[in-house]
Amino acid sequence: MMLWKRLAYLLPWRRRAAERDMRDELQSIAAMARPGELGNLTIAAEDARAEWGWTRLEQTMQDLGYAVRTLRRSPGFTATAVLSLALGIGANTALFTIVNAVTWRLLPIAHPETLLLLGQRQGTAIDNGFSYQQYRMIRDHTRVVDLAAYGRARLNVSIDGRAEPAAEGQLVSGRYFPLLGVAPAIGRALGPDDDRVPAGHPVAMISHGYWKRRFGLDPAVVGRSISLSGVAFTIVGVTPPEFFGVEVGTSPDLFVPVMMQPVVMPVSENLLADPINGVSWLRVIARLEPGVSIAQAHAALGSLAPAVEWRPRNKRGDVVADVTLALTPAATGLSDLRAQFSTPLRILMGVVGIILLIACANVGSLVLARSAARRSEFAVRLALGASRSRLIRQVLVEGLVLASLAGACGIGLAYLMMRVLVTYVSAGRSPVTLDLAPDARLLGFTAAVSLLTGLLFASVPAFRASRLDMAAAGRKDLAGTRHSVGSLHPGRWLVVSQVALSLLLLIAAGLFVRSLQNLQRQDAAADRHQVLIVRVEPRGSDQRNIPGTSARLDGIYRDLLARVERIPGVQSASLARTAPLAPISLGTRLTTPSGGEVETRILTIYPRYFTTMGLSIARGRDFSEDDLRPDAPLVALVNETFVRRVLEGRDTQGPAAVTLSGQRIEIIGVVKDSRYPDLRRPTPPILYQTFLQTRTGRGQMVLHVRVAGSAARAIPQLREAVQRIDPDVPIFDIQSLVEEMNAAFVQERLVATLSGFFGIVALTLVCVGLYGLMSFTVARRTPEIGVRVALGAARSDVAWMIARQTLALVAMGIAAGLPLAWVLGRLASRQMSALLFELTPVDPLTIAGAIGVLILVAMGAGWAPARRAARIDPMVALRNE
Amino acid sequence: MEPLYGVLDMLVLRTLLFGPLHGYAIAGAIRDNSGDALTIEFGSLYPALKRLELKGWIAAKWETSERNRRAKVYRLTPAGRRKLLKEKSEWAEFVSAVARIMKPTAGEID
């Protein structure tokens, strides 16, 4: 009952009624008593209120209300403080969300913590790829772990006879869904019975996203027929909405049994029949059987070989003996994304951390300046009997109100920034799907950041306020005239540290931006917008050692080129084994005249490749149609590096030749060096050969097309031409060389753009901090300046005096920031160097530039206060004394 | 002389045993009944009243006196009556215990 009564007092109307009742009662009693007999009735009432037991809470509510009113009274201060903090908190939240999604978030499956990943360990390296035969052998002879496998496949889809965009698919073994414990949203999940006979189970599951996108969540989708690579499949179920497979960042839309591989991947050979040493296209996930420890599992897996010989063989055909099977935790999912972006994300985490520090320093100096201005207010409150702890609490509550406002705005900003970030990360070939829904950890992080920030910037002014000397504060504050910088000290240090921190960010931004520029300058081809690139994979082009394939493919390719060159707007077209920025995997060791060996890249091309790419031939000629005849003599072009390193400059004495696999190849031309394929490294020696004369056996190619005018106009016809080769083979995206480059430089662009953006944010914050401090200084020194002017100081001298003070602050900041930059550059040199091209982390030019920008901007920020100081009218200034 | 802490509650309950009284009268009654030995500051009495009311031992009601004056009158509730009985016996024990300690012994000469 007592608790109810006390709770009832929390209701505002109940409390108002109680207050009224108490006032009436005290009045009635006072009417009866002699004057003065009852003592201080206010204190009696206050003590009676305390009996209700909500004093602490009421005071906090008062503090809150007071804080909100005070903040509303100074909107400029509030807006600046909230915005600075919101930027800091928003940037931190955005990056934390992405890092969280990429690295820490557990997979949405049953018991993610016990999910394991099987790998082949050799020394310290673990390879997670397995061929089908390896997987089958290990699975069939293991009792201690439950194993399932999956592989990626790009699938050509048509529904109701109409072609759809190619979809990202996954081939999964029968145990895949049971092992993960993923239950279907509707229908049934694929199980072991769907994965018994090669090519015998035309069933598929679709993802929730695909169900929503393509079928509008129609439940009748179960049982529908869908054509994959030209073969009819029945949809048996839909995966749950939160399931994206076990690779973070990917989102397969279709799941088909591994046994259907030869059916859905007509381009490739039958990987089910592939030998142990064949293509490692499967990844294997595992769970321990009940009661089995990981050590027991490792022991059992270790004893498989040599009785069950799953181990790969080397080139001489010997078993690689030192390969063992290893189980590693897979709870947070596998991710190429994580491997690719962990360095940039870590650097950006550091950058946004610094931004938050700057924002804190900024708000701290603002609050400090304000609290100095509020000294008389505090003095009055102290005099009226407020306790010091109450004053501290008041300032802290104000800080917290600011921080929570900023936190709320920060989350909004974070969503914006996240969208930008994910768009960047997705610029690669396959779309990136990240589960960016805020989770408890994220909310906790944001709350902690806001709270800590609030406490951090509120603490200094709070304790200064409590040390207030009442008598001194009650007098008119003349500290300025005595030129006391003591009270300004924390504010100065805050600004100096802001300058130092932003110098760090400016240097980082400068480094990353310049590095990106260096990289982009490496590209030799002019007018990159005019070159379109599309991968071509005719049926059978991924199969090896089948007689006649090369001639058949050559026919297809020449036909394709002829068709493409007839498209209006196309200037020239050619084919090459790889896209310009993709690594050329084929390397051969060639012997130089002096007996050395040089690793050479071989690129298979068709005529007019150099014209199409905008590369120029230094001497000799391009391939001609005659060189494509089956009986043509062996010919090749080489690049200048090849001439220098492999021929050692000997091609100048007449026609040169190289010997490859015992055959003499005549060199018909030399191509100018370009930085392809890897702009980050020196050009390798490259030997260009025609398709039929290259002995590789395989033959997917990349179509390169140079168009005149708008590239977009040629794209539909280009797509049609490629599709004509074989409608059941997936067609890849048509990209321009620019897009290809952007995709290749996605890390560098991400870091350069964001660090540039945050560099500007830091500069803005420093400007606000400097401007605030200098305006405050000028305001406090107004009487002094008045005296100076009255005594004959020139206005320019006064302005210079203030400007000098600004410069001194900046100089101190730079002096503090430079060693810090040097130390950080050393500490993070490995991470930084990974992202820097032809630059060191302590590049003097960049550092000088950053200092210049900082000084310039600081002078800009200090200009207005200096001007205000110069315009001080001595009469007005002294009258106020 | 001010009563000990906690004793005030007991005195208020005991005073109200004779009948309902308003706040000012309670202070007067305690002073009178103690033969002017105990003076209760109103500043202590008033919070005590609120405390007792909150615990449900006394209840308050606005009444109009014969001289047409409105006053808030407190009276003992059944729960307050039980509390008073308990306090009384505890008080008796406390007093006798203190008395035993304070009783002059053989060796003590005043």
# chains A, B, ... in the order shown; residues from 1 in each chain; ligands from 1
call {"tool": "closest_atom_pairs", "arguments": {"of": "chain A", "to": "chain B", "cutoff": "12 Å", "atoms": "only C-alpha atoms", "output": "JSON lines"}}
result
{"residue": "A:Met1", "atom": "CA", "partner": "B:Lys55", "partner_atom": "CA", "distance": 8.0}
{"residue": "A:Met2", "atom": "CA", "partner": "B:Lys55", "partner_atom": "CA", "distance": 5.7}
{"residue": "A:Leu3", "atom": "CA", "partner": "B:Leu54", "partner_atom": "CA", "distance": 9.1}
{"residue": "A:Trp4", "atom": "CA", "partner": "B:Leu54", "partner_atom": "CA", "distance": 9.9}
{"residue": "A:Lys5", "atom": "CA", "partner": "B:Leu54", "partner_atom": "CA", "distance": 7.0}
{"residue": "A:Arg6", "atom": "CA", "partner": "B:Leu54", "partner_atom": "CA", "distance": 7.8}
{"residue": "A:Leu7", "atom": "CA", "partner": "B:Leu54", "partner_atom": "CA", "distance": 11.4}
{"residue": "A:Ala8", "atom": "CA", "partner": "B:Leu54", "partner_atom": "CA", "distance": 11.3}
{"residue": "A:Tyr9", "atom": "CA", "partner": "B:Leu54", "partner_atom": "CA", "distance": 10.9}
{"residue": "A:Ala18", "atom": "CA", "partner": "B:Lys50", "partner_atom": "CA", "distance": 10.9}
{"residue": "A:Asp21", "atom": "CA", "partner": "B:Lys72", "partner_atom": "CA", "distance": 9.2}
{"residue": "A:Met22", "atom": "CA", "partner": "B:Lys72", "partner_atom": "CA", "distance": 9.6}
{"residue": "A:Arg23", "atom": "CA", "partner": "B:Lys72", "partner_atom": "CA", "distance": 11.3}
{"residue": "A:Asp24", "atom": "CA", "partner": "B:Ala71", "partner_atom": "CA", "distance": 8.8}
{"residue": "A:Glu25", "atom": "CA", "partner": "B:Lys72", "partner_atom": "CA", "distance": 6.2}
{"residue": "A:Leu26", "atom": "CA", "partner": "B:Gly23", "partner_atom": "CA", "distance": 8.9}
{"residue": "A:Gln27", "atom": "CA", "partner": "B:Ala71", "partner_atom": "CA", "distance": 9.5}
{"residue": "A:Ser28", "atom": "CA", "partner": "B:Ala71", "partner_atom": "CA", "distance": 6.1}
{"residue": "A:Ile29", "atom": "CA", "partner": "B:Tyr24", "partner_atom": "CA", "distance": 5.9}
{"residue": "A:Ala30", "atom": "CA", "partner": "B:Tyr24", "partner_atom": "CA", "distance": 8.5}
{"residue": "A:Ala31", "atom": "CA", "partner": "B:Arg69", "partner_atom": "CA", "distance": 9.8}
{"residue": "A:Met32", "atom": "CA", "partner": "B:Tyr24", "partner_atom": "CA", "distance": 7.5}
{"residue": "A:Ala33", "atom": "CA", "partner": "B:Tyr24", "partner_atom": "CA", "distance": 7.5}
{"residue": "A:Arg34", "atom": "CA", "partner": "B:Tyr24", "partner_atom": "CA", "distance": 10.9}
{"residue": "A:Gly36", "atom": "CA", "partner": "B:Phe42", "partner_atom": "CA", "distance": 10.8}
{"residue": "A:Glu37", "atom": "CA", "partner": "B:Phe42", "partner_atom": "CA", "distance": 8.3}
{"residue": "A:Leu38", "atom": "CA", "partner": "B:Phe42", "partner_atom": "CA", "distance": 5.4}
{"residue": "A:Gly39", "atom": "CA", "partner": "B:Gly43", "partner_atom": "CA", "distance": 6.8}
{"residue": "A:Asn40", "atom": "CA", "partner": "B:Gly43", "partner_atom": "CA", "distance": 7.1}
{"residue": "A:Leu41", "atom": "CA", "partner": "B:Gly43", "partner_atom": "CA", "distance": 6.9}
{"residue": "A:Thr42", "atom": "CA", "partner": "B:Gly43", "partner_atom": "CA", "distance": 9.1}
{"residue": "A:Ile43", "atom": "CA", "partner": "B:Gly43", "partner_atom": "CA", "distance": 7.1}
{"residue": "A:Ala44", "atom": "CA", "partner": "B:Gly43", "partner_atom": "CA", "distance": 4.6}
{"residue": "A:Ala45", "atom": "CA", "partner": "B:Pro47", "partner_atom": "CA", "distance": 7.3}
{"residue": "A:Glu46", "atom": "CA", "partner": "B:Pro47", "partner_atom": "CA", "distance": 8.5}
{"residue": "A:Asp47", "atom": "CA", "partner": "B:Pro47", "partner_atom": "CA", "distance": 5.8}
{"residue": "A:Ala48", "atom": "CA", "partner": "B:Pro47", "partner_atom": "CA", "distance": 4.0}
{"residue": "A:Arg49", "atom": "CA", "partner": "B:Pro47", "partner_atom": "CA", "distance": 7.8}
{"residue": "A:Ala50", "atom": "CA", "partner": "B:Pro47", "partner_atom": "CA", "distance": 8.2}
{"residue": "A:Glu51", "atom": "CA", "partner": "B:Arg51", "partner_atom": "CA", "distance": 5.8}
{"residue": "A:Trp52", "atom": "CA", "partner": "B:Leu54", "partner_atom": "CA", "distance": 7.8}
{"residue": "A:Gly53", "atom": "CA", "partner": "B:Arg51", "partner_atom": "CA", "distance": 10.1}
call {"tool": "closest_residue", "arguments": {"among": "B:Ala60, B:Gly28, B:Ser34, B:Met10", "to": "Arg75 in chain B", "atoms": "only C-alpha atoms"}}
result
B:Ala60
call {"tool": "select_by_dssp", "arguments": {"residues": "range 643-824 of chain A", "states": "helix (DSSP H, G or I)", "output": "ChimeraX atom specification"}}
result
/A:643-645,650-652,711-723,737-744,746-780,782-790,795-824
call {"tool": "residues_around", "arguments": {"residues": "range 628-635 of chain A", "least_positions_apart": "2", "cutoff": "12 Å", "atoms": "only C-alpha atoms", "output": "MDAnalysis selection string"}}
result
chainID A and resid 550:551 554:555 557:558 604:607 620:626 637:638 655:660 662:670 687:695
call {"tool": "write_last_selection", "arguments": {"atoms": "C-alpha atoms", "output": "PDB file, in the first residue's frame"}}
result
ATOM      1  CA  SER A 550      39.879 -24.810 -79.731  1.00  0.00           C
ATOM      2  CA  ALA A 551      38.923 -24.703 -83.390  1.00  0.00           C
ATOM      3  CA  ASP A 554      37.879 -19.884 -82.428  1.00  0.00           C
ATOM      4  CA  GLY A 555      35.031 -20.041 -84.923  1.00  0.00           C
ATOM      5  CA  TYR A 557      34.859 -15.897 -81.338  1.00  0.00           C
ATOM      6  CA  ARG A 558      35.590 -14.737 -84.873  1.00  0.00           C
ATOM      7  CA  THR A 604      45.976 -14.494 -75.666  1.00  0.00           C
ATOM      8  CA  ILE A 605      44.418 -11.832 -77.879  1.00  0.00           C
ATOM      9  CA  TYR A 606      42.714 -11.273 -81.217  1.00  0.00           C
ATOM     10  CA  PRO A 607      43.741  -8.601 -83.768  1.00  0.00           C
ATOM     11  CA  GLY A 620      56.420  -3.763 -86.151  1.00  0.00           C
ATOM     12  CA  ARG A 621      52.775  -4.658 -86.798  1.00  0.00           C
ATOM     13  CA  ASP A 622      49.615  -5.931 -85.102  1.00  0.00           C
ATOM     14  CA  PHE A 623      48.255  -9.447 -85.714  1.00  0.00           C
ATOM     15  CA  SER A 624      46.428  -9.748 -89.000  1.00  0.00           C
ATOM     16  CA  GLU A 625      43.662 -12.070 -90.206  1.00  0.00           C
ATOM     17  CA  ASP A 626      46.360 -14.174 -91.889  1.00  0.00           C
ATOM     18  CA  LEU A 637      54.025  -9.398 -80.091  1.00  0.00           C
ATOM     19  CA  VAL A 638      55.883  -8.404 -76.940  1.00  0.00           C
ATOM     20  CA  PRO A 655      63.650  -9.796 -86.620  1.00  0.00           C
ATOM     21  CA  ALA A 656      63.835 -11.501 -83.219  1.00  0.00           C
ATOM     22  CA  ALA A 657      62.364 -14.739 -82.039  1.00  0.00           C
ATOM     23  CA  VAL A 658      61.769 -16.623 -78.821  1.00  0.00           C
ATOM     24  CA  THR A 659      61.588 -20.309 -78.170  1.00  0.00           C
ATOM     25  CA  LEU A 660      58.586 -21.522 -76.211  1.00  0.00           C
ATOM     26  CA  GLY A 662      60.628 -26.026 -78.096  1.00  0.00           C
ATOM     27  CA  GLN A 663      58.952 -24.007 -80.815  1.00  0.00           C
ATOM     28  CA  ARG A 664      60.391 -20.950 -82.458  1.00  0.00           C
ATOM     29  CA  ILE A 665      58.074 -17.958 -82.364  1.00  0.00           C
ATOM     30  CA  GLU A 666      58.797 -14.939 -84.486  1.00  0.00           C
ATOM     31  CA  ILE A 667      58.279 -11.536 -82.868  1.00  0.00           C
ATOM     32  CA  ILE A 668      56.400  -9.304 -85.277  1.00  0.00           C
ATOM     33  CA  GLY A 669      55.974  -6.192 -83.139  1.00  0.00           C
ATOM     34  CA  VAL A 670      56.754  -4.384 -79.923  1.00  0.00           C
ATOM     35  CA  LEU A 687      54.087 -11.982 -74.689  1.00  0.00           C
ATOM     36  CA  TYR A 688      50.945 -11.615 -76.824  1.00  0.00           C
ATOM     37  CA  GLN A 689      49.779 -14.613 -78.858  1.00  0.00           C
ATOM     38  CA  THR A 690      46.744 -15.457 -80.961  1.00  0.00           C
ATOM     39  CA  PHE A 691      44.050 -17.792 -79.652  1.00  0.00           C
ATOM     40  CA  LEU A 692      44.848 -20.827 -81.780  1.00  0.00           C
ATOM     41  CA  GLN A 693      48.575 -20.503 -81.240  1.00  0.00           C
ATOM     42  CA  THR A 694      48.330 -20.455 -77.442  1.00  0.00           C
ATOM     43  CA  ARG A 695      48.480 -23.915 -75.929  1.00  0.00           C
TER      44      ARG A 695
END
call {"tool": "residues_around", "arguments": {"residues": "Arg81 in chain B", "least_positions_apart": "6", "cutoff": "10 Å", "atoms": "only C-alpha atoms", "output": "VMD selection string"}}
result
chain B and resid 13 to 14 16 to 17 57 to 58 87
call {"tool": "select_by_dssp", "arguments": {"residues": "chain B", "states": "strand (DSSP E or B)", "output": "JSON, numbers by chain"}}
result
{"B": [21, 22, 58, 59, 60, 61, 62, 63, 64, 70, 71, 72, 73, 74, 75, 76]}
call {"tool": "residues_around", "arguments": {"residues": "range 60-64 of chain A", "least_positions_apart": "3", "cutoff": "12 Å", "atoms": "only C-alpha atoms", "output": "list in words"}}
result
Leu10, Pro12, Trp54, Thr55, Arg56, Leu57, Ala67, Val68, Arg69, Thr70, Leu71, Arg390, Leu391, Ile392, Arg393, Gln394, Val395, Leu396, Val397, Glu398, Gly399, Leu400, Val401 and Leu402 of chain A
call {"tool": "decode", "arguments": {"residues": "range 15-106 of chain B", "atoms": "C-alpha atoms", "output": "PDB file, in the first residue's frame"}}
result
ATOM      1  CA  THR B  15      -1.942  11.530  21.421  1.00  0.00           C
ATOM      2  CA  LEU B  16      -4.389  10.617  18.688  1.00  0.00           C
ATOM      3  CA  LEU B  17      -5.706   7.707  20.794  1.00  0.00           C
ATOM      4  CA  PHE B  18      -7.898  10.198  22.683  1.00  0.00           C
ATOM      5  CA  GLY B  19      -9.534  11.425  19.484  1.00  0.00           C
ATOM      6  CA  PRO B  20      -8.893  13.143  16.124  1.00  0.00           C
ATOM      7  CA  LEU B  21      -6.824  16.347  16.177  1.00  0.00           C
ATOM      8  CA  HIS B  22      -5.378  18.746  13.628  1.00  0.00           C
ATOM      9  CA  GLY B  23      -1.651  19.287  13.238  1.00  0.00           C
ATOM     10  CA  TYR B  24      -1.329  22.368  15.439  1.00  0.00           C
ATOM     11  CA  ALA B  25      -3.397  20.819  18.200  1.00  0.00           C
ATOM     12  CA  ILE B  26      -1.227  17.678  18.232  1.00  0.00           C
ATOM     13  CA  ALA B  27       1.865  19.735  19.063  1.00  0.00           C
ATOM     14  CA  GLY B  28      -0.059  21.523  21.813  1.00  0.00           C
ATOM     15  CA  ALA B  29      -1.467  18.269  23.231  1.00  0.00           C
ATOM     16  CA  ILE B  30       1.985  16.682  23.479  1.00  0.00           C
ATOM     17  CA  ARG B  31       3.331  19.755  25.240  1.00  0.00           C
ATOM     18  CA  ASP B  32       0.404  19.897  27.656  1.00  0.00           C
ATOM     19  CA  ASN B  33       0.333  16.164  28.393  1.00  0.00           C
ATOM     20  CA  SER B  34       4.035  16.161  29.177  1.00  0.00           C
ATOM     21  CA  GLY B  35       3.546  19.019  31.608  1.00  0.00           C
ATOM     22  CA  ASP B  36       5.452  21.364  29.290  1.00  0.00           C
ATOM     23  CA  ALA B  37       8.490  19.087  29.513  1.00  0.00           C
ATOM     24  CA  LEU B  38       8.503  18.194  25.809  1.00  0.00           C
ATOM     25  CA  THR B  39       8.402  20.849  23.119  1.00  0.00           C
ATOM     26  CA  ILE B  40       7.919  19.600  19.614  1.00  0.00           C
ATOM     27  CA  GLU B  41       9.218  21.786  16.848  1.00  0.00           C
ATOM     28  CA  PHE B  42       6.561  22.071  14.183  1.00  0.00           C
ATOM     29  CA  GLY B  43       9.320  21.525  11.624  1.00  0.00           C
ATOM     30  CA  SER B  44       9.813  18.016  13.032  1.00  0.00           C
ATOM     31  CA  LEU B  45       6.168  17.229  13.723  1.00  0.00           C
ATOM     32  CA  TYR B  46       4.843  18.017  10.261  1.00  0.00           C
ATOM     33  CA  PRO B  47       7.129  15.630   8.306  1.00  0.00           C
ATOM     34  CA  ALA B  48       6.350  12.984  10.976  1.00  0.00           C
ATOM     35  CA  LEU B  49       2.629  13.361  10.284  1.00  0.00           C
ATOM     36  CA  LYS B  50       3.222  12.877   6.576  1.00  0.00           C
ATOM     37  CA  ARG B  51       5.385   9.840   7.302  1.00  0.00           C
ATOM     38  CA  LEU B  52       2.712   8.230   9.521  1.00  0.00           C
ATOM     39  CA  GLU B  53       0.027   8.996   6.972  1.00  0.00           C
ATOM     40  CA  LEU B  54       2.074   7.425   4.209  1.00  0.00           C
ATOM     41  CA  LYS B  55       2.531   4.265   6.326  1.00  0.00           C
ATOM     42  CA  GLY B  56      -1.207   4.104   6.867  1.00  0.00           C
ATOM     43  CA  TRP B  57      -1.133   4.441  10.660  1.00  0.00           C
ATOM     44  CA  ILE B  58      -3.032   7.711  10.669  1.00  0.00           C
ATOM     45  CA  ALA B  59      -5.566   9.084   8.215  1.00  0.00           C
ATOM     46  CA  ALA B  60      -6.326  12.733   7.418  1.00  0.00           C
ATOM     47  CA  LYS B  61      -9.563  14.463   6.527  1.00  0.00           C
ATOM     48  CA  TRP B  62     -10.531  18.113   6.007  1.00  0.00           C
ATOM     49  CA  GLU B  63     -13.150  19.182   8.582  1.00  0.00           C
ATOM     50  CA  THR B  64     -14.811  22.447   9.489  1.00  0.00           C
ATOM     51  CA  SER B  65     -14.675  23.383  13.154  1.00  0.00           C
ATOM     52  CA  GLU B  66     -17.516  24.904  15.221  1.00  0.00           C
ATOM     53  CA  ARG B  67     -15.902  28.316  14.621  1.00  0.00           C
ATOM     54  CA  ASN B  68     -16.275  27.657  10.886  1.00  0.00           C
ATOM     55  CA  ARG B  69     -12.583  27.105  10.360  1.00  0.00           C
ATOM     56  CA  ARG B  70     -11.345  24.466   7.969  1.00  0.00           C
ATOM     57  CA  ALA B  71      -8.593  22.236   9.304  1.00  0.00           C
ATOM     58  CA  LYS B  72      -7.028  18.936   8.339  1.00  0.00           C
ATOM     59  CA  VAL B  73      -7.774  16.496  11.107  1.00  0.00           C
ATOM     60  CA  TYR B  74      -5.758  13.333  11.762  1.00  0.00           C
ATOM     61  CA  ARG B  75      -7.106  10.217  13.447  1.00  0.00           C
ATOM     62  CA  LEU B  76      -5.709   6.828  14.346  1.00  0.00           C
ATOM     63  CA  THR B  77      -6.400   3.948  11.937  1.00  0.00           C
ATOM     64  CA  PRO B  78      -6.813   0.317  13.164  1.00  0.00           C
ATOM     65  CA  ALA B  79      -3.309  -0.350  11.817  1.00  0.00           C
ATOM     66  CA  GLY B  80      -2.040   2.623  13.820  1.00  0.00           C
ATOM     67  CA  ARG B  81      -3.755   1.279  16.941  1.00  0.00           C
ATOM     68  CA  ARG B  82      -1.958  -2.072  16.533  1.00  0.00           C
ATOM     69  CA  LYS B  83       1.333  -0.291  15.933  1.00  0.00           C
ATOM     70  CA  LEU B  84       0.826   1.790  19.081  1.00  0.00           C
ATOM     71  CA  LEU B  85       0.227  -1.348  21.220  1.00  0.00           C
ATOM     72  CA  LYS B  86       3.418  -2.881  19.903  1.00  0.00           C
ATOM     73  CA  GLU B  87       5.398   0.323  20.420  1.00  0.00           C
ATOM     74  CA  LYS B  88       4.054   0.609  23.967  1.00  0.00           C
ATOM     75  CA  SER B  89       5.262  -2.804  25.054  1.00  0.00           C
ATOM     76  CA  GLU B  90       8.598  -2.278  23.336  1.00  0.00           C
ATOM     77  CA  TRP B  91       8.914   1.120  25.006  1.00  0.00           C
ATOM     78  CA  ALA B  92       8.197  -0.426  28.409  1.00  0.00           C
ATOM     79  CA  GLU B  93      10.921  -3.010  27.840  1.00  0.00           C
ATOM     80  CA  PHE B  94      13.317  -0.325  26.675  1.00  0.00           C
ATOM     81  CA  VAL B  95      12.613   1.893  29.700  1.00  0.00           C
ATOM     82  CA  SER B  96      13.031  -0.921  32.191  1.00  0.00           C
ATOM     83  CA  ALA B  97      16.246  -2.017  30.517  1.00  0.00           C
ATOM     84  CA  VAL B  98      17.631   1.503  30.666  1.00  0.00           C
ATOM     85  CA  ALA B  99      16.411   1.809  34.264  1.00  0.00           C
ATOM     86  CA  ARG B 100      18.239  -1.389  35.268  1.00  0.00           C
ATOM     87  CA  ILE B 101      21.462   0.017  33.877  1.00  0.00           C
ATOM     88  CA  MET B 102      20.970   3.442  35.386  1.00  0.00           C
ATOM     89  CA  LYS B 103      19.852   2.154  38.851  1.00  0.00           C
ATOM     90  CA  PRO B 104      22.345   3.230  41.531  1.00  0.00           C
ATOM     91  CA  THR B 105      24.506   0.294  42.636  1.00  0.00           C
ATOM     92  CA  ALA B 106      25.884  -0.418  46.072  1.00  0.00           C
TER      93      ALA B 106
END
